[in-house]
file my_file.txt (compact mmCIF, N, CA and C atoms and all ligand atoms)
# COMPACT_ATOMS: atom_id res chain seq x y z
N MET A 501 0.84 -1.19 0.00
CA MET A 501 0.00 0.00 0.00
C MET A 501 0.88 1.25 0.00
N ALA A 502 0.61 2.18 -0.89
CA ALA A 502 1.39 3.41 -0.94
C ALA A 502 1.05 4.28 0.27
N LEU A 503 2.07 4.94 0.78
CA LEU A 503 1.84 5.81 1.93
C LEU A 503 1.09 7.06 1.50
N CYS A 504 0.22 7.48 2.35
CA CYS A 504 -0.48 8.74 2.12
C CYS A 504 0.50 9.88 2.35
N LEU A 505 0.50 10.86 1.48
CA LEU A 505 1.44 11.99 1.63
C LEU A 505 0.93 13.03 2.63
N HIS A 506 -0.27 12.84 3.08
CA HIS A 506 -0.91 13.69 4.09
C HIS A 506 -0.95 15.17 3.73
N GLU A 507 -2.13 15.67 3.76
CA GLU A 507 -2.34 17.09 3.53
C GLU A 507 -3.28 17.56 4.63
N SER A 508 -2.81 18.50 5.42
CA SER A 508 -3.61 18.93 6.56
C SER A 508 -4.85 19.70 6.12
N CYS A 509 -5.90 19.53 6.90
CA CYS A 509 -7.14 20.26 6.66
C CYS A 509 -6.92 21.75 6.92
N GLY A 510 -7.86 22.56 6.52
CA GLY A 510 -7.76 23.99 6.76
C GLY A 510 -7.93 24.32 8.24
N ILE A 511 -7.49 25.51 8.62
CA ILE A 511 -7.52 25.95 10.02
C ILE A 511 -8.93 25.85 10.61
N GLU A 512 -9.93 26.19 9.80
CA GLU A 512 -11.31 26.19 10.30
C GLU A 512 -11.88 24.78 10.47
N ASP A 513 -11.20 23.78 9.91
CA ASP A 513 -11.69 22.40 10.01
C ASP A 513 -11.02 21.60 11.13
N ARG A 514 -10.12 22.21 11.84
CA ARG A 514 -9.42 21.48 12.91
C ARG A 514 -10.42 20.96 13.95
N VAL A 515 -10.03 19.90 14.64
CA VAL A 515 -10.92 19.33 15.65
C VAL A 515 -10.28 19.37 17.03
N TRP A 516 -11.13 19.49 18.05
CA TRP A 516 -10.63 19.50 19.43
C TRP A 516 -10.37 18.07 19.87
N LEU A 517 -9.16 17.80 20.30
CA LEU A 517 -8.81 16.45 20.76
C LEU A 517 -7.78 16.58 21.88
N PRO A 518 -7.69 15.51 22.72
CA PRO A 518 -6.64 15.54 23.75
C PRO A 518 -5.26 15.57 23.10
N GLU A 519 -4.30 16.19 23.77
CA GLU A 519 -2.97 16.29 23.18
C GLU A 519 -2.18 15.00 23.26
N SER A 520 -2.53 14.14 24.22
CA SER A 520 -1.85 12.85 24.30
C SER A 520 -2.82 11.84 24.88
N CYS A 521 -2.36 10.61 25.06
CA CYS A 521 -3.23 9.54 25.56
C CYS A 521 -3.47 9.68 27.06
N SER A 522 -2.67 10.50 27.72
CA SER A 522 -2.79 10.61 29.16
C SER A 522 -4.14 11.23 29.54
N LEU A 523 -4.71 10.77 30.64
CA LEU A 523 -6.06 11.17 31.04
C LEU A 523 -6.18 12.64 31.36
N LYS A 524 -5.13 13.21 31.95
CA LYS A 524 -5.21 14.61 32.34
C LYS A 524 -4.69 15.55 31.24
N SER A 525 -4.61 14.99 30.05
CA SER A 525 -4.10 15.76 28.93
C SER A 525 -5.06 16.90 28.56
N ASP A 526 -4.49 18.04 28.17
CA ASP A 526 -5.31 19.16 27.70
C ASP A 526 -5.86 18.86 26.31
N VAL A 527 -6.99 19.47 26.00
CA VAL A 527 -7.46 19.36 24.62
C VAL A 527 -6.97 20.57 23.83
N SER A 528 -6.71 20.34 22.56
CA SER A 528 -6.33 21.47 21.71
C SER A 528 -6.77 21.16 20.29
N LEU A 529 -6.66 22.16 19.45
CA LEU A 529 -7.10 21.98 18.07
C LEU A 529 -6.06 21.20 17.25
N HIS A 530 -6.51 20.17 16.59
CA HIS A 530 -5.61 19.33 15.80
C HIS A 530 -5.94 19.41 14.31
N HIS A 531 -4.91 19.37 13.51
CA HIS A 531 -5.09 19.17 12.08
C HIS A 531 -5.28 17.69 11.81
N TRP A 532 -5.96 17.39 10.75
CA TRP A 532 -6.05 16.00 10.31
C TRP A 532 -5.89 15.97 8.80
N CYS A 533 -5.56 14.78 8.31
CA CYS A 533 -5.28 14.64 6.87
C CYS A 533 -6.58 14.54 6.08
N ILE A 534 -6.71 15.37 5.05
CA ILE A 534 -7.94 15.38 4.27
C ILE A 534 -8.07 14.16 3.36
N HIS A 535 -6.98 13.37 3.23
CA HIS A 535 -7.03 12.18 2.36
C HIS A 535 -7.35 10.90 3.15
N CYS A 536 -6.70 10.73 4.27
CA CYS A 536 -6.89 9.47 5.01
C CYS A 536 -7.48 9.67 6.40
N GLY A 537 -7.60 10.90 6.84
CA GLY A 537 -8.25 11.15 8.12
C GLY A 537 -7.35 11.01 9.34
N VAL A 538 -6.07 10.66 9.14
CA VAL A 538 -5.16 10.54 10.28
C VAL A 538 -5.02 11.90 10.98
N VAL A 539 -5.05 11.86 12.30
CA VAL A 539 -4.91 13.10 13.07
C VAL A 539 -3.42 13.37 13.30
N LYS A 540 -3.03 14.61 13.10
CA LYS A 540 -1.62 14.96 13.25
C LYS A 540 -1.22 14.92 14.72
N ASN A 541 -0.08 14.29 14.98
CA ASN A 541 0.44 14.25 16.35
C ASN A 541 1.08 15.58 16.70
N ILE A 542 0.52 16.27 17.72
CA ILE A 542 1.11 17.55 18.11
C ILE A 542 1.55 17.51 19.58
N SER A 543 1.63 16.29 20.14
CA SER A 543 2.06 16.17 21.52
C SER A 543 3.57 16.32 21.61
N ASP A 544 4.10 16.34 22.83
CA ASP A 544 5.55 16.42 23.01
C ASP A 544 6.22 15.12 22.61
N ASP A 545 5.40 14.08 22.49
CA ASP A 545 5.89 12.75 22.16
C ASP A 545 6.10 12.66 20.65
N ARG A 546 7.09 13.36 20.16
CA ARG A 546 7.31 13.48 18.71
C ARG A 546 7.92 12.21 18.12
N SER A 547 7.49 11.92 16.92
CA SER A 547 8.11 10.81 16.20
C SER A 547 9.45 11.27 15.65
N LYS A 548 10.34 10.32 15.41
CA LYS A 548 11.68 10.67 14.92
C LYS A 548 11.96 10.00 13.59
N LYS A 549 12.83 10.60 12.81
CA LYS A 549 13.16 10.04 11.50
C LYS A 549 13.92 8.73 11.67
N MET A 550 13.88 7.91 10.63
CA MET A 550 14.55 6.62 10.64
C MET A 550 16.03 6.74 11.04
N GLY A 551 16.69 7.80 10.58
CA GLY A 551 18.11 8.00 10.87
C GLY A 551 18.40 8.02 12.37
N TYR A 552 17.47 8.57 13.13
CA TYR A 552 17.64 8.60 14.58
C TYR A 552 17.72 7.18 15.13
N TRP A 553 16.81 6.33 14.67
CA TRP A 553 16.72 4.97 15.20
C TRP A 553 17.90 4.12 14.75
N THR A 554 18.38 4.33 13.51
CA THR A 554 19.54 3.55 13.07
C THR A 554 20.80 4.00 13.81
N ASN A 555 20.85 5.28 14.21
CA ASN A 555 21.97 5.74 15.03
C ASN A 555 21.97 5.06 16.39
N VAL A 556 20.80 4.99 17.00
CA VAL A 556 20.68 4.33 18.30
C VAL A 556 21.10 2.87 18.16
N LEU A 557 20.62 2.26 17.08
CA LEU A 557 20.96 0.85 16.83
C LEU A 557 22.48 0.67 16.70
N SER A 558 23.15 1.59 16.00
CA SER A 558 24.60 1.50 15.84
C SER A 558 25.32 1.56 17.17
N ARG A 559 24.84 2.45 18.04
CA ARG A 559 25.48 2.57 19.36
C ARG A 559 25.32 1.29 20.15
N ILE A 560 24.10 0.73 20.11
CA ILE A 560 23.84 -0.51 20.83
C ILE A 560 24.70 -1.63 20.23
N ALA A 561 24.78 -1.65 18.90
CA ALA A 561 25.53 -2.69 18.21
C ALA A 561 27.00 -2.67 18.61
N LYS A 562 27.55 -1.46 18.78
CA LYS A 562 28.95 -1.33 19.17
C LYS A 562 29.18 -1.88 20.57
N CYS A 563 28.30 -1.49 21.49
CA CYS A 563 28.45 -1.90 22.89
C CYS A 563 28.25 -3.39 23.08
N PHE A 564 27.38 -4.00 22.30
CA PHE A 564 27.07 -5.40 22.54
C PHE A 564 27.57 -6.30 21.42
N SER A 565 28.46 -5.77 20.60
CA SER A 565 29.04 -6.53 19.49
C SER A 565 28.01 -7.31 18.69
N LEU A 566 27.01 -6.60 18.26
CA LEU A 566 26.01 -7.24 17.40
C LEU A 566 26.60 -7.48 16.02
N THR A 567 26.16 -8.51 15.36
CA THR A 567 26.67 -8.80 14.02
C THR A 567 25.96 -7.95 12.98
N GLN A 568 26.58 -7.86 11.80
CA GLN A 568 25.97 -7.12 10.68
C GLN A 568 24.59 -7.67 10.36
N SER A 569 24.47 -8.99 10.41
CA SER A 569 23.17 -9.57 10.01
C SER A 569 22.10 -9.28 11.06
N GLN A 570 22.49 -9.23 12.33
CA GLN A 570 21.51 -8.85 13.35
C GLN A 570 21.02 -7.42 13.10
N LYS A 571 21.98 -6.54 12.80
CA LYS A 571 21.61 -5.14 12.53
C LYS A 571 20.69 -5.05 11.32
N ARG A 572 21.06 -5.81 10.28
CA ARG A 572 20.24 -5.79 9.06
C ARG A 572 18.82 -6.24 9.33
N LEU A 573 18.69 -7.30 10.14
CA LEU A 573 17.35 -7.82 10.45
C LEU A 573 16.51 -6.79 11.21
N VAL A 574 17.17 -6.11 12.14
CA VAL A 574 16.45 -5.09 12.92
C VAL A 574 15.99 -3.96 12.00
N VAL A 575 16.90 -3.48 11.13
CA VAL A 575 16.55 -2.38 10.23
C VAL A 575 15.41 -2.80 9.29
N LYS A 576 15.49 -4.05 8.80
CA LYS A 576 14.46 -4.54 7.91
C LYS A 576 13.09 -4.55 8.61
N GLU A 577 13.13 -4.98 9.86
CA GLU A 577 11.89 -5.02 10.66
C GLU A 577 11.34 -3.60 10.84
N LEU A 578 12.23 -2.64 11.14
CA LEU A 578 11.78 -1.25 11.31
C LEU A 578 11.19 -0.72 10.01
N GLU A 579 11.84 -1.05 8.89
CA GLU A 579 11.38 -0.55 7.60
C GLU A 579 10.01 -1.11 7.21
N SER A 580 9.66 -2.24 7.80
CA SER A 580 8.36 -2.83 7.47
C SER A 580 7.22 -2.14 8.22
N HIS A 581 7.57 -1.25 9.14
CA HIS A 581 6.52 -0.52 9.88
C HIS A 581 6.36 0.89 9.34
N GLU A 582 5.14 1.24 9.03
CA GLU A 582 4.87 2.56 8.47
C GLU A 582 5.24 3.71 9.39
N CYS A 583 5.25 3.43 10.70
CA CYS A 583 5.43 4.53 11.65
C CYS A 583 6.79 5.21 11.53
N PHE A 584 7.74 4.59 10.81
CA PHE A 584 9.03 5.24 10.65
C PHE A 584 9.10 6.10 9.39
N ASP A 585 8.18 5.86 8.46
CA ASP A 585 8.11 6.66 7.24
C ASP A 585 7.11 7.77 7.39
N ASP A 586 6.07 7.41 8.13
CA ASP A 586 4.90 8.25 8.18
C ASP A 586 4.88 8.95 9.53
N LEU A 587 5.56 10.11 9.60
CA LEU A 587 5.73 10.76 10.90
C LEU A 587 4.52 11.61 11.30
N TYR A 588 3.63 11.80 10.40
CA TYR A 588 2.50 12.73 10.60
C TYR A 588 1.67 12.40 11.84
N GLY A 589 1.21 11.16 11.90
CA GLY A 589 0.31 10.83 13.00
C GLY A 589 0.93 9.91 14.03
N THR A 590 2.24 9.68 13.92
CA THR A 590 2.91 8.71 14.79
C THR A 590 3.53 9.39 16.00
N THR A 591 3.55 8.72 17.13
CA THR A 591 4.25 9.26 18.28
C THR A 591 5.58 8.54 18.47
N GLY A 592 6.49 9.18 19.18
CA GLY A 592 7.78 8.57 19.48
C GLY A 592 7.62 7.28 20.26
N SER A 593 6.61 7.20 21.12
CA SER A 593 6.41 5.99 21.94
C SER A 593 6.07 4.78 21.09
N VAL A 594 5.24 5.02 20.06
CA VAL A 594 4.87 3.92 19.17
C VAL A 594 6.11 3.39 18.47
N GLN A 595 6.95 4.31 17.98
CA GLN A 595 8.17 3.91 17.29
C GLN A 595 9.10 3.15 18.24
N LYS A 596 9.21 3.66 19.45
CA LYS A 596 10.11 3.04 20.41
C LYS A 596 9.69 1.60 20.71
N GLU A 597 8.40 1.41 20.81
CA GLU A 597 7.87 0.08 21.09
C GLU A 597 8.29 -0.91 19.99
N VAL A 598 8.15 -0.48 18.75
CA VAL A 598 8.54 -1.33 17.61
C VAL A 598 10.05 -1.58 17.63
N PHE A 599 10.81 -0.52 17.90
CA PHE A 599 12.27 -0.59 17.95
C PHE A 599 12.74 -1.59 19.02
N VAL A 600 12.19 -1.44 20.22
CA VAL A 600 12.57 -2.33 21.33
C VAL A 600 12.22 -3.78 20.99
N LYS A 601 11.03 -3.99 20.45
CA LYS A 601 10.60 -5.34 20.09
C LYS A 601 11.54 -5.98 19.09
N ALA A 602 11.94 -5.20 18.07
CA ALA A 602 12.80 -5.74 17.01
C ALA A 602 14.16 -6.13 17.58
N ILE A 603 14.71 -5.31 18.46
CA ILE A 603 16.03 -5.62 19.01
C ILE A 603 15.96 -6.81 19.96
N ARG A 604 14.87 -6.88 20.71
CA ARG A 604 14.71 -8.04 21.60
C ARG A 604 14.63 -9.31 20.77
N LYS A 605 13.88 -9.23 19.67
CA LYS A 605 13.64 -10.40 18.84
C LYS A 605 14.94 -10.92 18.21
N TYR A 606 15.76 -10.01 17.66
CA TYR A 606 16.92 -10.46 16.90
C TYR A 606 18.22 -10.46 17.70
N CYS A 607 18.25 -9.73 18.80
CA CYS A 607 19.51 -9.62 19.53
C CYS A 607 19.40 -10.10 20.96
N GLY A 608 18.19 -10.33 21.41
CA GLY A 608 17.99 -10.89 22.74
C GLY A 608 18.37 -9.96 23.88
N LEU A 609 18.45 -8.67 23.61
CA LEU A 609 18.77 -7.73 24.68
C LEU A 609 17.53 -7.38 25.49
N HIS A 610 17.75 -7.06 26.74
CA HIS A 610 16.63 -6.73 27.61
C HIS A 610 16.12 -5.32 27.32
N GLU A 611 14.80 -5.17 27.47
CA GLU A 611 14.14 -3.90 27.21
C GLU A 611 14.79 -2.73 27.97
N ILE A 612 15.18 -2.98 29.21
CA ILE A 612 15.76 -1.91 30.04
C ILE A 612 17.08 -1.42 29.44
N ILE A 613 17.85 -2.35 28.90
CA ILE A 613 19.13 -1.99 28.26
C ILE A 613 18.86 -1.14 27.03
N ILE A 614 17.96 -1.60 26.19
CA ILE A 614 17.64 -0.88 24.95
C ILE A 614 17.14 0.52 25.31
N ASP A 615 16.25 0.54 26.29
CA ASP A 615 15.63 1.78 26.74
C ASP A 615 16.66 2.84 27.13
N SER A 616 17.75 2.41 27.73
CA SER A 616 18.74 3.36 28.22
C SER A 616 19.48 4.05 27.08
N TYR A 617 19.34 3.54 25.86
CA TYR A 617 19.99 4.16 24.71
C TYR A 617 19.07 5.13 23.96
N VAL A 618 17.79 5.07 24.28
CA VAL A 618 16.81 5.91 23.57
C VAL A 618 16.52 7.17 24.38
N HIS A 619 16.82 8.33 23.82
CA HIS A 619 16.55 9.57 24.55
C HIS A 619 15.63 10.47 23.76
ZN ZN A 701 -3.09 11.08 4.94
call {"tool": "encode", "arguments": {"input": "my_file.txt", "output": "structure tokens"}}
result
Amino acid sequence: MALCLHESCGIEDRVWLPESCSLKSDVSLHHWCIHCGVVKNISDDRSKKMGYWTNVLSRIAKCFSLTQSQKRLVVKELESHECFDDLYGTTGSVQKEVFVKAIRKYCGLHEIIIDSYVH
């Protein structure tokens, strides 16, 4: 499926929504995509470009002597998730969850270790 290029709705069409999933979150006006309806993430929990995650992976790989093929498998897994291409409606937490899962799966590292490399 081709990724939606996302085009935000006009200012007058914005909708009131909570800023994050947290219960005490403030509501504010959000843009949404006029093609697919995805709501733009405007919380502090920003999504990051793929380069950020591959950098983190490189640092982890150096410290734990991961092999090239382990790294390749992790990157391939990340690339199969839209949340790394499609930053519009994605939060950093969603990406981190996928990242941690992929490294646990292929490298067997503990979540707490992986977590300490993600800032
Ligand atoms: Zn869209």
call {"tool": "residues_near_ligand", "arguments": {"input": "my_file.txt", "ligand": "ligand ZN 701 (chain A)", "cutoff": "6 Å", "atoms": "only N, CA and C atoms and all ligand atoms", "output": "list in words"}}
result
Cys504, Leu505, His506, Glu507, Cys533, Ile534, His535, Cys536, Gly537 and Val538 of chain A
call {"tool": "atom_distance", "arguments": {"input": "my_file.txt", "atom1": "atom CA of A:Ser528", "atom2": "atom C of A:Trp516"}}
result
5.6 Å
call {"tool": "axis_aligned_box", "arguments": {"input": "my_file.txt", "around": "stretch 599-613 of chain A", "padding_each_side": "4 Å", "output": "lines of an AutoDock Vina configuration file"}}
result
center_x = 15.1
center_y = -5.7
center_z = 23.5
size_x = 16.9
size_y = 18.4
size_z = 21.1
call {"tool": "closest_residue", "arguments": {"input": "my_file.txt", "among": "A:Ala602, A:Asp585, A:Ser522, A:Asp615", "to": "A:Lys549", "atoms": "all atoms listed in the file"}}
result
A:Asp585
call {"tool": "closest_residue", "arguments": {"input": "my_file.txt", "among": "A:Glu519, A:Ser593, A:Ile612, A:Cys583", "to": "A:Ser543", "atoms": "only N, CA and C atoms"}}
result
A:Glu519
call {"tool": "residues_around", "arguments": {"input": "my_file.txt", "residues": "stretch 550-565 of chain A", "least_positions_apart": "2", "cutoff": "6 Å", "atoms": "all atoms listed in the file", "output": "PDB file with N, CA and C atoms, keeping the file's coordinate frame"}}
result
ATOM      1  N   LYS A 548      10.340  10.320  15.410  1.00  0.00           N
ATOM      2  CA  LYS A 548      11.680  10.670  14.920  1.00  0.00           C
ATOM      3  C   LYS A 548      11.960  10.000  13.590  1.00  0.00           C
ATOM      4  N   THR A 567      26.160  -8.510  15.360  1.00  0.00           N
ATOM      5  CA  THR A 567      26.670  -8.800  14.020  1.00  0.00           C
ATOM      6  C   THR A 567      25.960  -7.950  12.980  1.00  0.00           C
ATOM      7  N   PHE A 584       7.740   4.590  10.810  1.00  0.00           N
ATOM      8  CA  PHE A 584       9.030   5.240  10.650  1.00  0.00           C
ATOM      9  C   PHE A 584       9.100   6.100   9.390  1.00  0.00           C
ATOM     10  N   TYR A 617      19.340   3.540  25.860  1.00  0.00           N
ATOM     11  CA  TYR A 617      19.990   4.160  24.710  1.00  0.00           C
ATOM     12  C   TYR A 617      19.070   5.130  23.960  1.00  0.00           C
TER      13      TYR A 617
END
call {"tool": "closest_atom_pairs", "arguments": {"input": "my_file.txt", "of": "stretch 559-582 of chain A", "to": "stretch 594-601 of chain A", "cutoff": "12 Å", "atoms": "only C-alpha atoms", "output": "JSON lines"}}
result
{"residue": "A:Ile560", "atom": "CA", "partner": "A:Val600", "partner_atom": "CA", "distance": 11.4}
{"residue": "A:Lys571", "atom": "CA", "partner": "A:Phe599", "partner_atom": "CA", "distance": 11.7}
{"residue": "A:Leu573", "atom": "CA", "partner": "A:Phe599", "partner_atom": "CA", "distance": 11.6}
{"residue": "A:Val574", "atom": "CA", "partner": "A:Phe599", "partner_atom": "CA", "distance": 7.9}
{"residue": "A:Val575", "atom": "CA", "partner": "A:Phe599", "partner_atom": "CA", "distance": 9.0}
{"residue": "A:Lys576", "atom": "CA", "partner": "A:Phe599", "partner_atom": "CA", "distance": 11.0}
{"residue": "A:Glu577", "atom": "CA", "partner": "A:Phe599", "partner_atom": "CA", "distance": 8.5}
{"residue": "A:Leu578", "atom": "CA", "partner": "A:Phe599", "partner_atom": "CA", "distance": 6.7}
{"residue": "A:Glu579", "atom": "CA", "partner": "A:Phe599", "partner_atom": "CA", "distance": 10.4}
{"residue": "A:Ser580", "atom": "CA", "partner": "A:Val598", "partner_atom": "CA", "distance": 10.3}
{"residue": "A:His581", "atom": "CA", "partner": "A:Val598", "partner_atom": "CA", "distance": 8.0}
{"residue": "A:Glu582", "atom": "CA", "partner": "A:Gln595", "partner_atom": "CA", "distance": 9.5}
call {"tool": "atom_distance", "arguments": {"input": "my_file.txt", "atom1": "atom C of A:Gly592", "atom2": "atom CA of A:Ile613"}}
result
16.8 Å
call {"tool": "select_by_dssp", "arguments": {"input": "my_file.txt", "residues": "chain A", "states": "alpha helix (DSSP H)", "output": "ChimeraX atom specification"}}
result
/A:550-563,568-579,592-607,611-615
call {"tool": "atom_distance", "arguments": {"input": "my_file.txt", "atom1": "atom CA of A:Pro518", "atom2": "atom CA of A:Val539"}}
result
11.1 Å
call {"tool": "closest_residue", "arguments": {"input": "my_file.txt", "among": "A:Val618, A:Ile511, A:Thr590, A:Lys605", "to": "A:Ser547", "atoms": "only C-alpha atoms"}}
result
A:Thr590
